[in-house]
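Data block below; observations after.
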Amino acid sequence: MKTDALIAMLATNAAPVEAGVLRRRYAIALGAGLAFAVLLMAVVLGVRPDLAEATRLPMFWVKFALPLSLLAIAIVGAVRLARPGVAIGRVPAALPVPVAAIWILSAAALVAADPGQRIAMLLGDSWLMCPLNIAMLSMPVFAGVFWAMRGLAPTRLVLAGAFSGLLAGAAGALVYCLHCPEMAAPFIGTWYLLGMAIPAVAGAALGPRLLRW
Amino acid sequence: MGSAREYMRSRERVGAQEDHLKDLLVRGLAGDGAAYHAFLKALSAFLRAFLRGRLARVPDEVEDLVQETLLAIHNQRHTYDASQPLTAWMHAIARYKMIDFLRRRAGREAMNDPLSDDDELLAASDEEAREARRDLATLLERLPDRQRLPILHVKIQGLSVAETAKLTGLSESAVKIGVHRGLKALAAFVRK
C-alpha cells in the first residue's frame, strides 16, 4: 500500500473524536480502583475500630496528608506524561516536598522522645506488614491507571510507568490509613514511603513493556 | 541585520504553517474528512523529511516508518489537545516512533549482520522517494473478518457504517468497533 493510499484510508469516514477521553479514563481508573481498594481493605484487613475517634486527632490527618499530596502530584505528572509533547516541567521537583515535611516531623518526634522509645516509634507494631499491605492495596488502582495510560500516548515510558505506579501506591496508602492504627511520624515517614515506592518501582520497570504503542 | 530579518521571516512562516495545520487537524478531529486528509498529507511530508534526515543509513525503511507513524498518529489522535502547540505533539510522536524503530532494529541487528560499508555508500547517494517495503494491504488480510470487513468497506471502499452493517450482518456499533480495533491491531502488527 502506498502512503497516499494509507492516508486516504485513514481519512475516509474518520469518525469525529470524542472530547475528554483522558479525563474520562482517569476518572474511571481512580473511581473503580479506589472502590476496589477500599473493599479489599475492608475484607482482608478490616477498618480500624477506633476510626471515628482517630479522625479527631491531628496526627491522623498528617498521616493522611502524605499519600494525599503524593497522589495529587502523581496525577498531575501522569496526565502530562500521557500526551505526546507535553512537558513534565517541575512536577518531579514537587515530590520531595511532602517527603521532607514528614521527615522533619519524624526528626522532631524522635528528638523529643525518650531514647528508649525511639526504636518502638520507628518500628511500631506492624513495620513489616505495612509496606506489603500498601503494595497490595495499590493493585486495583495500578491496573486502572495502566489501562488509562494504554489508551493514551506516553512517549517516555519509564517515567510514565513510574508516575503511574506512584499514583497507585499513593492511592493504596490513602486507603491503608483507614485500617492502620500506627500514628508515629517516624513510622509513616519510613514504611508508608517504602510501601508507595514498591508500585512506583514496579511501574517504572513495567512501563516500557506495558505502555508501548 | 539581514539575517535577523530572515530569521524573523522564517519564524513567521513556521508559525503560519503551525496555525494552518492546527486548523486542519482541529476540523479533522471534529469530523471534517477533507481537512483531515489535508492534515495527514502535510504530516506525512513533515515526517518523511524528519525521518530521512535522521535515518540516512537506512533509507529503505523510512517510508515504512512514515506509514507506521501515520497509523499511530491516527490511532492516538484523541490525545491532541487544541490548547497545546501542534508542532510539539507531532515532534514528540515522530521522535518516539523513531527511537522505538531504532531499538527494534538494534535488537534485530544483534542477531544478523550489521550494515556493510557498501550499503552505506549506496545510502548516501539515495534521495529519491521509495516505496514502502512492508505492505499494509497484506497485513490487513491477516485481521479477523469482524475487523477486516469493516475496514475494507468503511475505510477503503468508503461505504457508510449503515451500509456496511447491512452488507456484513454486523450491528452498526460492531462495525465502528471493528474499524477502531482493526486499525489498532494493524498498528500492533507493524510494530513487531
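Chain labels follow the order of the C-alpha cells: the first chain is A, the next B, and so on; residue numbering restarts at 1 in every chain, and ligands are counted from 1 in their shown order.
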Subject >> Interface, chain B side, toward chain A (8 Å; only C-alpha atoms) as a PyMOL selection string >> reply: chain B and resi 28-34+36-37+40-41+63+66-67+70-72+74+76-80+84+88-93+96+131-132+135-137+154-156+158+160+188
For the residues selected in the previous step, produce a file with N, CA and C atoms as a short mmCIF file (atom, residue, chain, number, x, y, z; two decimals), in the first residue's frame.
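What ended up in selection.cif:
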```
data_model
loop_
_atom_site.label_atom_id
_atom_site.label_comp_id
_atom_site.auth_asym_id
_atom_site.auth_seq_id
_atom_site.Cartn_x
_atom_site.Cartn_y
_atom_site.Cartn_z
N GLY B 28 -10.47 18.31 11.36
CA GLY B 28 -10.46 16.87 11.11
C GLY B 28 -10.98 16.09 12.31
N LEU B 29 -10.55 16.49 13.50
CA LEU B 29 -10.97 15.78 14.72
C LEU B 29 -12.48 15.94 14.94
N ALA B 30 -13.03 17.04 14.43
CA ALA B 30 -14.47 17.26 14.58
C ALA B 30 -15.27 16.51 13.52
N GLY B 31 -14.57 15.85 12.57
CA GLY B 31 -15.28 15.03 11.60
C GLY B 31 -15.20 15.52 10.15
N ASP B 32 -14.40 16.57 9.88
CA ASP B 32 -14.23 17.07 8.51
C ASP B 32 -13.17 16.23 7.80
N GLY B 33 -13.64 15.30 6.97
CA GLY B 33 -12.73 14.35 6.32
C GLY B 33 -11.73 14.99 5.38
N ALA B 34 -12.17 16.03 4.63
CA ALA B 34 -11.26 16.67 3.67
C ALA B 34 -10.13 17.37 4.41
N TYR B 36 -9.02 16.64 7.38
CA TYR B 36 -8.18 15.61 8.00
C TYR B 36 -7.24 15.00 6.96
N HIS B 37 -7.76 14.79 5.74
CA HIS B 37 -6.92 14.27 4.66
C HIS B 37 -5.76 15.22 4.39
N LEU B 40 -3.17 14.98 7.17
CA LEU B 40 -2.32 13.78 7.11
C LEU B 40 -1.30 13.89 5.97
N LYS B 41 -1.72 14.50 4.88
CA LYS B 41 -0.83 14.68 3.73
C LYS B 41 0.36 15.57 4.14
N GLU B 63 10.14 4.99 4.50
CA GLU B 63 8.73 5.06 4.12
C GLU B 63 7.87 4.13 5.00
N VAL B 66 7.35 6.06 8.08
CA VAL B 66 6.37 7.13 7.85
C VAL B 66 4.96 6.55 7.97
N GLN B 67 4.75 5.40 7.35
CA GLN B 67 3.41 4.78 7.39
C GLN B 67 3.05 4.33 8.81
N LEU B 70 2.13 7.42 10.75
CA LEU B 70 0.81 7.95 10.37
C LEU B 70 -0.31 7.13 11.03
N LEU B 71 -0.14 5.82 10.98
CA LEU B 71 -1.14 4.94 11.58
C LEU B 71 -1.22 5.18 13.10
N ALA B 72 -0.05 5.33 13.72
CA ALA B 72 -0.03 5.57 15.17
C ALA B 72 -0.69 6.90 15.50
N HIS B 74 -2.94 8.46 13.78
CA HIS B 74 -4.38 8.33 13.59
C HIS B 74 -5.03 7.63 14.80
N GLN B 76 -3.99 7.48 17.82
CA GLN B 76 -3.87 8.24 19.07
C GLN B 76 -4.30 9.69 18.88
N ARG B 77 -5.04 9.99 17.83
CA ARG B 77 -5.33 11.40 17.53
C ARG B 77 -6.15 12.07 18.64
N HIS B 78 -6.84 11.25 19.46
CA HIS B 78 -7.62 11.83 20.56
C HIS B 78 -6.71 12.39 21.66
N THR B 79 -5.40 12.15 21.59
CA THR B 79 -4.53 12.72 22.64
C THR B 79 -4.10 14.14 22.30
N TYR B 80 -4.52 14.67 21.14
CA TYR B 80 -4.17 16.05 20.85
C TYR B 80 -5.16 17.00 21.52
N GLN B 84 -2.63 22.97 22.99
CA GLN B 84 -1.21 22.59 23.01
C GLN B 84 -0.60 22.89 21.63
N ALA B 88 4.85 20.54 18.81
CA ALA B 88 5.41 19.76 19.92
C ALA B 88 4.82 18.36 19.94
N TRP B 89 3.52 18.28 19.69
CA TRP B 89 2.82 16.99 19.68
C TRP B 89 3.35 16.10 18.55
N MET B 90 3.42 16.68 17.33
CA MET B 90 3.89 15.92 16.17
C MET B 90 5.34 15.48 16.35
N HIS B 91 6.13 16.40 16.85
CA HIS B 91 7.56 16.14 17.01
C HIS B 91 7.79 15.03 18.03
N ALA B 92 7.05 15.07 19.14
CA ALA B 92 7.23 14.05 20.18
C ALA B 92 6.84 12.67 19.65
N ILE B 93 5.78 12.61 18.84
CA ILE B 93 5.36 11.32 18.29
C ILE B 93 6.40 10.80 17.30
N TYR B 96 9.42 9.59 19.18
CA TYR B 96 9.12 8.35 19.89
C TYR B 96 9.15 7.16 18.94
N GLU B 131 9.40 3.22 -2.23
CA GLU B 131 8.18 2.51 -1.87
C GLU B 131 8.33 1.96 -0.46
N ALA B 132 7.23 1.82 0.22
CA ALA B 132 7.29 1.12 1.49
C ALA B 132 7.59 -0.35 1.20
N ASP B 135 3.97 -4.22 3.17
CA ASP B 135 2.70 -3.86 2.54
C ASP B 135 1.55 -3.97 3.53
N LEU B 136 0.97 -2.80 3.85
CA LEU B 136 -0.12 -2.79 4.82
C LEU B 136 -1.34 -3.56 4.31
N ALA B 137 -1.52 -3.57 2.98
CA ALA B 137 -2.68 -4.29 2.42
C ALA B 137 -2.57 -5.77 2.74
N VAL B 154 -15.77 0.38 5.03
CA VAL B 154 -15.91 1.77 5.50
C VAL B 154 -14.70 2.62 5.10
N LYS B 155 -13.49 2.08 5.29
CA LYS B 155 -12.30 2.91 5.12
C LYS B 155 -11.72 2.85 3.71
N ILE B 156 -11.86 1.72 3.02
CA ILE B 156 -11.24 1.62 1.69
C ILE B 156 -12.28 1.87 0.60
N GLY B 158 -15.25 3.21 1.20
CA GLY B 158 -15.95 4.45 1.50
C GLY B 158 -17.45 4.30 1.73
N SER B 160 -20.90 3.79 3.98
CA SER B 160 -21.25 4.29 5.31
C SER B 160 -21.30 3.13 6.30
N ALA B 188 -0.32 -2.80 15.75
CA ALA B 188 0.44 -3.76 16.56
C ALA B 188 1.23 -4.72 15.67
#
```
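Excluding Pro96 in chain A and any residue on its chain fewer than 4 positions from it, the residues at most 12 Å away by only C-alpha atoms are Leu66, Ser69, Leu70, Ile73, Arg90, Val91, Pro92, Ala100, Ala101, Ile102, Trp103, Ile104 and Leu193 of chain A.
Summary of the local environment: counting only C-alpha atoms, residues at most 10 Å from Val145 in chain A, other than itself and those fewer than 6 positions away along its chain, are Arg25, Tyr26, Ala27, Ile28, Ala29, Leu30, Gly33, Ile75, Ala78, Met139, Gly151, Gly161, Phe163, Ser164, Gly165, Leu167 and Ala168 of chain A.
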Would you mind exporting N, CA and C atoms of the selected residues as a PDB file, in the first residue's frame?
```
ATOM      1  N   ARG A  25     -10.943   8.511  31.182  1.00  0.00           N
ATOM      2  CA  ARG A  25     -10.178   7.293  31.506  1.00  0.00           C
ATOM      3  C   ARG A  25      -9.621   7.369  32.920  1.00  0.00           C
ATOM      4  N   TYR A  26      -9.072   8.535  33.300  1.00  0.00           N
ATOM      5  CA  TYR A  26      -8.522   8.638  34.653  1.00  0.00           C
ATOM      6  C   TYR A  26      -9.604   8.629  35.720  1.00  0.00           C
ATOM      7  N   ALA A  27     -10.764   9.210  35.398  1.00  0.00           N
ATOM      8  CA  ALA A  27     -11.862   9.193  36.370  1.00  0.00           C
ATOM      9  C   ALA A  27     -12.308   7.758  36.629  1.00  0.00           C
ATOM     10  N   ILE A  28     -12.418   6.969  35.551  1.00  0.00           N
ATOM     11  CA  ILE A  28     -12.822   5.562  35.701  1.00  0.00           C
ATOM     12  C   ILE A  28     -11.750   4.796  36.481  1.00  0.00           C
ATOM     13  N   ALA A  29     -10.490   5.000  36.090  1.00  0.00           N
ATOM     14  CA  ALA A  29      -9.395   4.252  36.720  1.00  0.00           C
ATOM     15  C   ALA A  29      -9.336   4.525  38.218  1.00  0.00           C
ATOM     16  N   LEU A  30      -9.448   5.807  38.582  1.00  0.00           N
ATOM     17  CA  LEU A  30      -9.346   6.172  40.001  1.00  0.00           C
ATOM     18  C   LEU A  30     -10.596   5.776  40.770  1.00  0.00           C
ATOM     19  N   GLY A  33     -10.760   1.907  40.822  1.00  0.00           N
ATOM     20  CA  GLY A  33      -9.593   1.409  41.549  1.00  0.00           C
ATOM     21  C   GLY A  33      -9.706   1.663  43.043  1.00  0.00           C
ATOM     22  N   ILE A  75      -0.870  12.422  39.970  1.00  0.00           N
ATOM     23  CA  ILE A  75      -1.921  12.573  38.949  1.00  0.00           C
ATOM     24  C   ILE A  75      -1.503  13.634  37.932  1.00  0.00           C
ATOM     25  N   ALA A  78       1.265  12.112  35.770  1.00  0.00           N
ATOM     26  CA  ALA A  78       0.805  11.063  34.859  1.00  0.00           C
ATOM     27  C   ALA A  78       0.009  11.660  33.705  1.00  0.00           C
ATOM     28  N   MET A 139      -2.859  -2.327  44.122  1.00  0.00           N
ATOM     29  CA  MET A 139      -3.020  -3.086  42.873  1.00  0.00           C
ATOM     30  C   MET A 139      -4.250  -2.717  42.032  1.00  0.00           C
ATOM     31  N   GLY A 151      -4.507   3.664  26.759  1.00  0.00           N
ATOM     32  CA  GLY A 151      -5.405   4.267  25.772  1.00  0.00           C
ATOM     33  C   GLY A 151      -4.961   5.651  25.356  1.00  0.00           C
ATOM     34  N   GLY A 161       5.551   5.033  33.478  1.00  0.00           N
ATOM     35  CA  GLY A 161       5.293   3.878  34.327  1.00  0.00           C
ATOM     36  C   GLY A 161       5.536   4.200  35.791  1.00  0.00           C
ATOM     37  N   PHE A 163       5.378   7.179  37.322  1.00  0.00           N
ATOM     38  CA  PHE A 163       4.335   8.063  37.856  1.00  0.00           C
ATOM     39  C   PHE A 163       3.015   7.318  38.017  1.00  0.00           C
ATOM     40  N   SER A 164       2.720   6.412  37.087  1.00  0.00           N
ATOM     41  CA  SER A 164       1.502   5.612  37.229  1.00  0.00           C
ATOM     42  C   SER A 164       1.591   4.732  38.467  1.00  0.00           C
ATOM     43  N   GLY A 165       2.763   4.124  38.687  1.00  0.00           N
ATOM     44  CA  GLY A 165       2.956   3.270  39.856  1.00  0.00           C
ATOM     45  C   GLY A 165       2.877   4.064  41.149  1.00  0.00           C
ATOM     46  N   LEU A 167       1.253   6.843  41.583  1.00  0.00           N
ATOM     47  CA  LEU A 167      -0.158   7.210  41.746  1.00  0.00           C
ATOM     48  C   LEU A 167      -0.909   6.065  42.437  1.00  0.00           C
ATOM     49  N   ALA A 168      -0.657   4.839  41.968  1.00  0.00           N
ATOM     50  CA  ALA A 168      -1.316   3.674  42.563  1.00  0.00           C
ATOM     51  C   ALA A 168      -0.857   3.470  44.001  1.00  0.00           C
TER      52      ALA A 168
END
```
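Excluding range 169-178 of chain A itself and any same-chain residue fewer than 3 positions from it, the protein and nucleic acid residues within 6 Å of it, counting only C-alpha atoms, are Val47, Pro67, Leu71, Ile134, Leu137, Ser138, Leu166, Met196 and Pro199 of chain A.
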Generate a file of the selected residues that holds C-alpha atoms, formatted as a compact mmCIF listing (two decimals), in the first residue's frame.
```
# COMPACT_ATOMS: atom_id res chain seq x y z
CA VAL A 47 -11.33 -0.92 59.10
CA PRO A 67 -0.25 9.98 50.47
CA LEU A 71 -1.38 11.29 44.90
CA ILE A 134 0.14 -0.79 50.89
CA LEU A 137 -3.96 -2.18 48.20
CA SER A 138 -2.32 -0.29 45.34
CA LEU A 166 3.42 6.10 42.35
CA MET A 196 4.39 3.56 47.95
CA PRO A 199 4.47 0.03 42.98
```
Subject >> Long-range neighbours of range 51-54 of chain A as a PyMOL selection string, 12 Å cut-off, only C-alpha atoms, 6 positions minimum in chain >> reply: chain A and resi 60-64+176-183
I need the residues from that last selection saved to file as an mmCIF file, in the first residue's frame (with N, CA and C atoms), if you can.
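Final file, again-v5.cif:
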```
data_model
loop_
_atom_site.group_PDB
_atom_site.id
_atom_site.type_symbol
_atom_site.label_atom_id
_atom_site.label_comp_id
_atom_site.auth_asym_id
_atom_site.auth_seq_id
_atom_site.Cartn_x
_atom_site.Cartn_y
_atom_site.Cartn_z
ATOM 1 N N PHE A 60 -3.757 11.952 62.659
ATOM 2 C CA PHE A 60 -4.432 11.143 61.638
ATOM 3 C C PHE A 60 -4.411 11.880 60.308
ATOM 4 N N TRP A 61 -4.657 13.187 60.362
ATOM 5 C CA TRP A 61 -4.730 13.978 59.126
ATOM 6 C C TRP A 61 -3.349 14.251 58.561
ATOM 7 N N VAL A 62 -2.353 14.357 59.446
ATOM 8 C CA VAL A 62 -0.969 14.496 58.961
ATOM 9 C C VAL A 62 -0.595 13.236 58.173
ATOM 10 N N LYS A 63 -0.955 12.101 58.751
ATOM 11 C CA LYS A 63 -0.678 10.820 58.096
ATOM 12 C C LYS A 63 -1.403 10.711 56.760
ATOM 13 N N PHE A 64 -2.652 11.160 56.755
ATOM 14 C CA PHE A 64 -3.479 11.135 55.552
ATOM 15 C C PHE A 64 -2.920 12.076 54.475
ATOM 16 N N TYR A 176 -5.050 2.550 53.019
ATOM 17 C CA TYR A 176 -4.480 1.826 54.164
ATOM 18 C C TYR A 176 -4.619 2.625 55.463
ATOM 19 N N CYS A 177 -4.653 3.964 55.342
ATOM 20 C CA CYS A 177 -4.841 4.822 56.525
ATOM 21 C C CYS A 177 -6.131 4.468 57.278
ATOM 22 N N LEU A 178 -7.114 3.927 56.574
ATOM 23 C CA LEU A 178 -8.390 3.599 57.211
ATOM 24 C C LEU A 178 -8.284 2.330 58.056
ATOM 25 N N HIS A 179 -7.220 1.569 57.830
ATOM 26 C CA HIS A 179 -7.013 0.357 58.617
ATOM 27 C C HIS A 179 -5.920 0.541 59.673
ATOM 28 N N CYS A 180 -4.842 1.169 59.273
ATOM 29 C CA CYS A 180 -3.602 1.150 60.047
ATOM 30 C C CYS A 180 -3.696 1.993 61.326
ATOM 31 N N PRO A 181 -3.410 1.421 62.495
ATOM 32 C CA PRO A 181 -3.507 2.175 63.748
ATOM 33 C C PRO A 181 -2.233 2.960 64.102
ATOM 34 N N GLU A 182 -1.164 2.799 63.332
ATOM 35 C CA GLU A 182 0.107 3.476 63.672
ATOM 36 C C GLU A 182 -0.048 4.995 63.546
ATOM 37 N N MET A 183 0.473 5.733 64.518
ATOM 38 C CA MET A 183 0.312 7.194 64.473
ATOM 39 C C MET A 183 1.629 7.937 64.636
#
```
Original post:
Quick one: residues within 12 Å of range 138-141 of chain B, only C-alpha atoms counted, chain neighbours fewer than 5 positions away excluded, as a PyMOL selection string?
Top reply: (chain A and resi 1+6+9) or (chain B and resi 133+146-152+155-156+179+182-192)
**OP:** Find the residue from A:Ala32, A:Ala37, A:Leu194, A:Leu110 that sits nearest to Leu128 in chain A; use only C-alpha atoms when measuring.
**Re:** A:Leu194
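Between CA of Arg104 in chain B and CA of Ile88 in chain A lies a distance of 26.2 Å.
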